[in-house]
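File shown: protein.tsv. Contents: TSV, C-alpha atoms.
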```tsv
chain	number	residue	atom	x	y	z
A	622	MET	CA	73.29	114.79	91.38
A	623	GLU	CA	73.39	116.65	88.11
A	624	ASN	CA	76.92	117.87	88.85
A	625	PHE	CA	78.01	114.30	89.56
A	626	GLU	CA	76.51	113.02	86.30
A	627	LYS	CA	78.27	115.67	84.21
A	628	ARG	CA	81.56	115.24	86.02
A	629	TRP	CA	81.32	111.44	85.71
A	630	GLU	CA	80.99	111.73	81.92
A	631	LEU	CA	84.02	114.05	81.77
A	632	ALA	CA	86.00	111.67	83.97
A	633	LEU	CA	85.19	108.74	81.71
A	634	LYS	CA	86.31	110.70	78.63
A	635	ALA	CA	89.56	111.67	80.32
A	636	LEU	CA	90.12	108.07	81.37
A	637	GLU	CA	89.50	106.84	77.83
A	638	SER	CA	92.06	109.34	76.60
A	639	LEU	CA	94.62	108.02	79.10
A	640	GLN	CA	93.87	104.40	78.26
A	641	GLU	CA	94.16	105.14	74.54
A	642	ILE	CA	97.67	106.56	74.84
A	643	LEU	CA	98.77	103.78	77.19
A	644	LYS	CA	97.96	101.21	74.49
A	645	ARG	CA	100.59	102.69	72.20
A	646	SER	CA	104.07	101.31	72.23
A	647	VAL	CA	107.25	102.60	70.69
A	648	ASP	CA	110.91	101.71	70.94
A	649	PRO	CA	112.12	102.97	74.35
A	650	LEU	CA	115.40	104.07	72.80
A	651	THR	CA	113.78	106.75	70.65
A	652	ASP	CA	112.74	110.36	71.17
A	653	GLU	CA	109.21	109.29	70.28
A	654	TYR	CA	109.15	107.14	73.45
A	655	VAL	CA	109.97	110.17	75.61
A	656	ILE	CA	107.20	112.17	73.94
A	657	LEU	CA	104.71	109.31	74.44
A	658	ARG	CA	105.77	108.85	78.07
A	659	ASP	CA	105.49	112.55	78.85
A	660	ALA	CA	102.12	112.85	77.12
A	661	SER	CA	100.88	109.83	79.08
A	662	ILE	CA	101.96	111.43	82.35
A	663	GLN	CA	100.14	114.64	81.39
A	664	ARG	CA	96.98	112.70	80.59
A	665	PHE	CA	97.27	110.88	83.92
A	666	GLU	CA	97.53	114.22	85.67
A	667	TYR	CA	94.29	115.63	84.28
A	668	THR	CA	92.49	112.29	84.55
A	669	PHE	CA	93.39	112.06	88.23
A	670	GLU	CA	92.08	115.58	88.82
A	671	ILE	CA	88.67	114.88	87.30
A	672	PHE	CA	88.59	111.44	88.97
A	673	TRP	CA	88.93	112.69	92.53
A	674	LYS	CA	86.52	115.58	91.87
A	675	THR	CA	83.97	113.07	90.56
A	676	LEU	CA	84.35	111.10	93.77
A	677	LYS	CA	83.93	114.37	95.69
A	678	ASP	CA	80.68	115.13	93.84
A	679	PHE	CA	79.41	111.60	94.41
A	680	LEU	CA	80.10	111.81	98.15
A	681	LYS	CA	78.31	115.13	98.37
A	682	SER	CA	75.30	114.08	96.27
A	683	TYR	CA	74.69	110.58	97.60
A	684	GLU	CA	76.43	110.36	100.97
A	685	TYR	CA	76.02	114.02	102.06
A	686	ILE	CA	79.73	114.24	102.81
A	687	ASP	CA	81.81	117.30	101.98
A	688	CYS	CA	85.50	116.83	101.29
A	689	PHE	CA	87.86	119.35	99.80
A	690	SER	CA	91.03	117.39	99.04
A	691	PRO	CA	91.78	114.09	97.33
A	692	ASN	CA	93.23	112.66	100.54
A	693	LYS	CA	90.08	113.49	102.52
A	694	CYS	CA	87.78	112.20	99.75
A	695	PHE	CA	89.57	108.86	99.57
A	696	ARG	CA	89.38	108.45	103.35
A	697	GLU	CA	85.69	109.42	103.42
A	698	ALA	CA	84.97	106.98	100.57
A	699	LEU	CA	86.60	104.25	102.66
A	700	LYS	CA	84.51	105.17	105.72
A	701	SER	CA	81.31	105.09	103.69
A	702	GLY	CA	82.18	101.73	102.14
A	703	LEU	CA	82.72	102.98	98.60
A	704	LEU	CA	86.37	101.93	98.60
A	705	THR	CA	88.08	98.92	100.09
A	706	PRO	CA	91.10	99.50	102.34
A	707	GLU	CA	93.34	98.28	99.50
A	708	GLU	CA	91.74	100.65	96.99
A	709	THR	CA	92.12	103.50	99.45
A	710	GLU	CA	95.83	102.78	99.83
A	711	ASP	CA	96.16	102.54	96.04
A	712	CYS	CA	94.33	105.87	95.65
A	713	LEU	CA	96.66	107.50	98.17
A	714	GLU	CA	99.63	106.07	96.26
A	715	MET	CA	98.12	107.47	93.07
A	716	LEU	CA	97.82	110.87	94.79
A	717	LYS	CA	101.53	110.76	95.65
A	718	ALA	CA	102.29	109.95	92.01
A	719	ARG	CA	100.06	112.83	90.86
A	720	ASN	CA	101.96	115.18	93.14
A	721	LEU	CA	105.21	114.10	91.50
A	722	THR	CA	103.99	114.93	87.99
A	723	VAL	CA	105.14	118.52	88.40
A	724	HIS	CA	108.68	117.17	88.66
A	725	THR	CA	108.75	115.04	85.52
A	726	TYR	CA	111.37	117.37	84.07
A	727	ARG	CA	113.61	115.11	86.17
A	728	GLU	CA	114.13	112.02	84.06
A	729	GLU	CA	114.23	109.60	86.99
A	730	ILE	CA	110.80	110.72	88.20
A	731	ALA	CA	109.26	110.32	84.74
A	732	GLN	CA	110.80	106.85	84.52
A	733	GLN	CA	109.32	105.92	87.92
A	734	LEU	CA	105.84	107.22	87.12
A	735	TYR	CA	105.26	105.90	83.62
A	736	PRO	CA	105.15	102.16	84.45
A	737	LYS	CA	102.54	102.78	87.15
A	738	LEU	CA	100.03	104.54	84.90
A	739	GLU	CA	98.26	101.45	83.57
A	740	GLY	CA	97.51	100.21	87.09
A	741	PHE	CA	96.27	103.65	88.10
A	742	ALA	CA	94.03	103.79	85.02
A	743	ASN	CA	92.56	100.38	85.89
A	744	LEU	CA	91.90	101.51	89.46
A	745	MET	CA	90.15	104.70	88.35
A	746	GLU	CA	88.06	102.78	85.84
A	747	ARG	CA	86.92	100.23	88.42
A	748	ILE	CA	85.90	102.95	90.87
A	749	LEU	CA	84.21	105.17	88.28
A	750	LEU	CA	82.13	102.26	87.00
A	751	ARG	CA	81.14	101.37	90.56
A	752	LEU	CA	79.97	104.93	91.19
A	753	LYS	CA	77.67	104.75	88.19
A	754	GLU	CA	76.02	101.47	89.19
A	755	ASN	CA	72.67	101.26	90.95
A	756	PRO	CA	72.78	102.78	94.45
A	757	GLU	CA	72.42	99.40	96.16
A	758	ARG	CA	75.50	98.08	94.37
A	759	ARG	CA	77.77	101.12	94.77
A	760	ARG	CA	79.54	99.70	97.78
A	761	ALA	CA	83.00	98.15	97.37
```

Encoding of this model in structure tokens:
Amino acid sequence: MENFEKRWELALKALESLQEILKRSVDPLTDEYVILRDASIQRFEYTFEIFWKTLKDFLKSYEYIDCFSPNKCFREALKSGLLTPEETEDCLEMLKARNLTVHTYREEIAQQLYPKLEGFANLMERILLRLKENPERRRA
């Protein structure tokens, strides 16, 4: 449980960092926009990593389920009732997006990813807050 608590706090800080940068807006025709977009994608990348590991720690601590990949953790969270089927699909879509972040040197991939980040941030926030609620209310 202690590991979950610490990881949850780190996940929330990472999420706040992502949400903070997503609030900024600049002219899309400037170099500053490209820098903001790329920094946002980087923040999404590390936020996703701590997010799924927080879910992993929660499953281990409270559901006694071991999972060693994001895909497996999302599916186990669905089975245990922590995620809805829609949230699970959204998490799997987010995983696909995370896997594309290593290719953002390709402009078209960066352009595809950036508009999705706000929705992903909202999804992670909703799930993280649910994990922190009282045990009886943790279910989706």

Checklist line | Within 10 Å of Glu666 in chain A using only C-alpha atoms, minus same-chain residues under 4 positions, as a PyMOL selection string | finding: chain A and resi 635+639+660-662+670-672+716+718-723

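Distances from A:Glu707, A:Glu641, A:Glu697, A:Glu714 to Leu657 in chain A were compared using all atoms listed in the file, and the smallest one belongs to A:Glu641.
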
Note to self: When you look at Lys693 in chain A with a cut-off of 12 Å (counting only C-alpha atoms), what residues show up, excluding the ones that are within fewer than 3 positions of it in the same chain? I need them as a list in words.
What the structure shows: Trp673, Lys674, Leu676, Lys677, Leu680, Ile686, Asp687, Cys688, Phe689, Ser690, Arg696, Glu697, Ala698, Leu699, Lys700, Thr709, Cys712, Leu713 and Leu716 of chain A

With C-alpha atoms retained, could you export that selection as a short mmCIF file (atom, residue, chain, number, x, y, z; two decimals), in the frame of the given file?
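Below is the file that was written, out.cif:
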```cif
data_model
loop_
_atom_site.label_atom_id
_atom_site.label_comp_id
_atom_site.auth_asym_id
_atom_site.auth_seq_id
_atom_site.Cartn_x
_atom_site.Cartn_y
_atom_site.Cartn_z
CA TRP A 673 88.93 112.69 92.53
CA LYS A 674 86.52 115.58 91.87
CA LEU A 676 84.35 111.10 93.77
CA LYS A 677 83.93 114.37 95.69
CA LEU A 680 80.10 111.81 98.15
CA ILE A 686 79.73 114.24 102.81
CA ASP A 687 81.81 117.30 101.98
CA CYS A 688 85.50 116.83 101.29
CA PHE A 689 87.86 119.35 99.80
CA SER A 690 91.03 117.39 99.04
CA ARG A 696 89.38 108.45 103.35
CA GLU A 697 85.69 109.42 103.42
CA ALA A 698 84.97 106.98 100.57
CA LEU A 699 86.60 104.25 102.66
CA LYS A 700 84.51 105.17 105.72
CA THR A 709 92.12 103.50 99.45
CA CYS A 712 94.33 105.87 95.65
CA LEU A 713 96.66 107.50 98.17
CA LEU A 716 97.82 110.87 94.79
#
```

Next item on the list: Could you check how far CA of Phe695 in chain A sits from CA of Glu710 in chain A, in Å to one decimal?
Entry: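 CA of Glu710 in chain A lies at a distance of 8.7 Å from CA of Phe695 in chain A.
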
Checklist line | Interatomic distance, CA of Gln640 in chain A to CA of Ala742 in chain A (Å, one decimal) | finding: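 Atom-to-atom, CA of Gln640 in chain A and CA of Ala742 in chain A are spaced 6.8 Å apart.
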
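Each of A:Ile656, A:Ala731, A:Leu631, A:Leu636 was compared to Glu746 in chain A using all atoms listed in the file, and A:Leu636 turns out to be the nearest.
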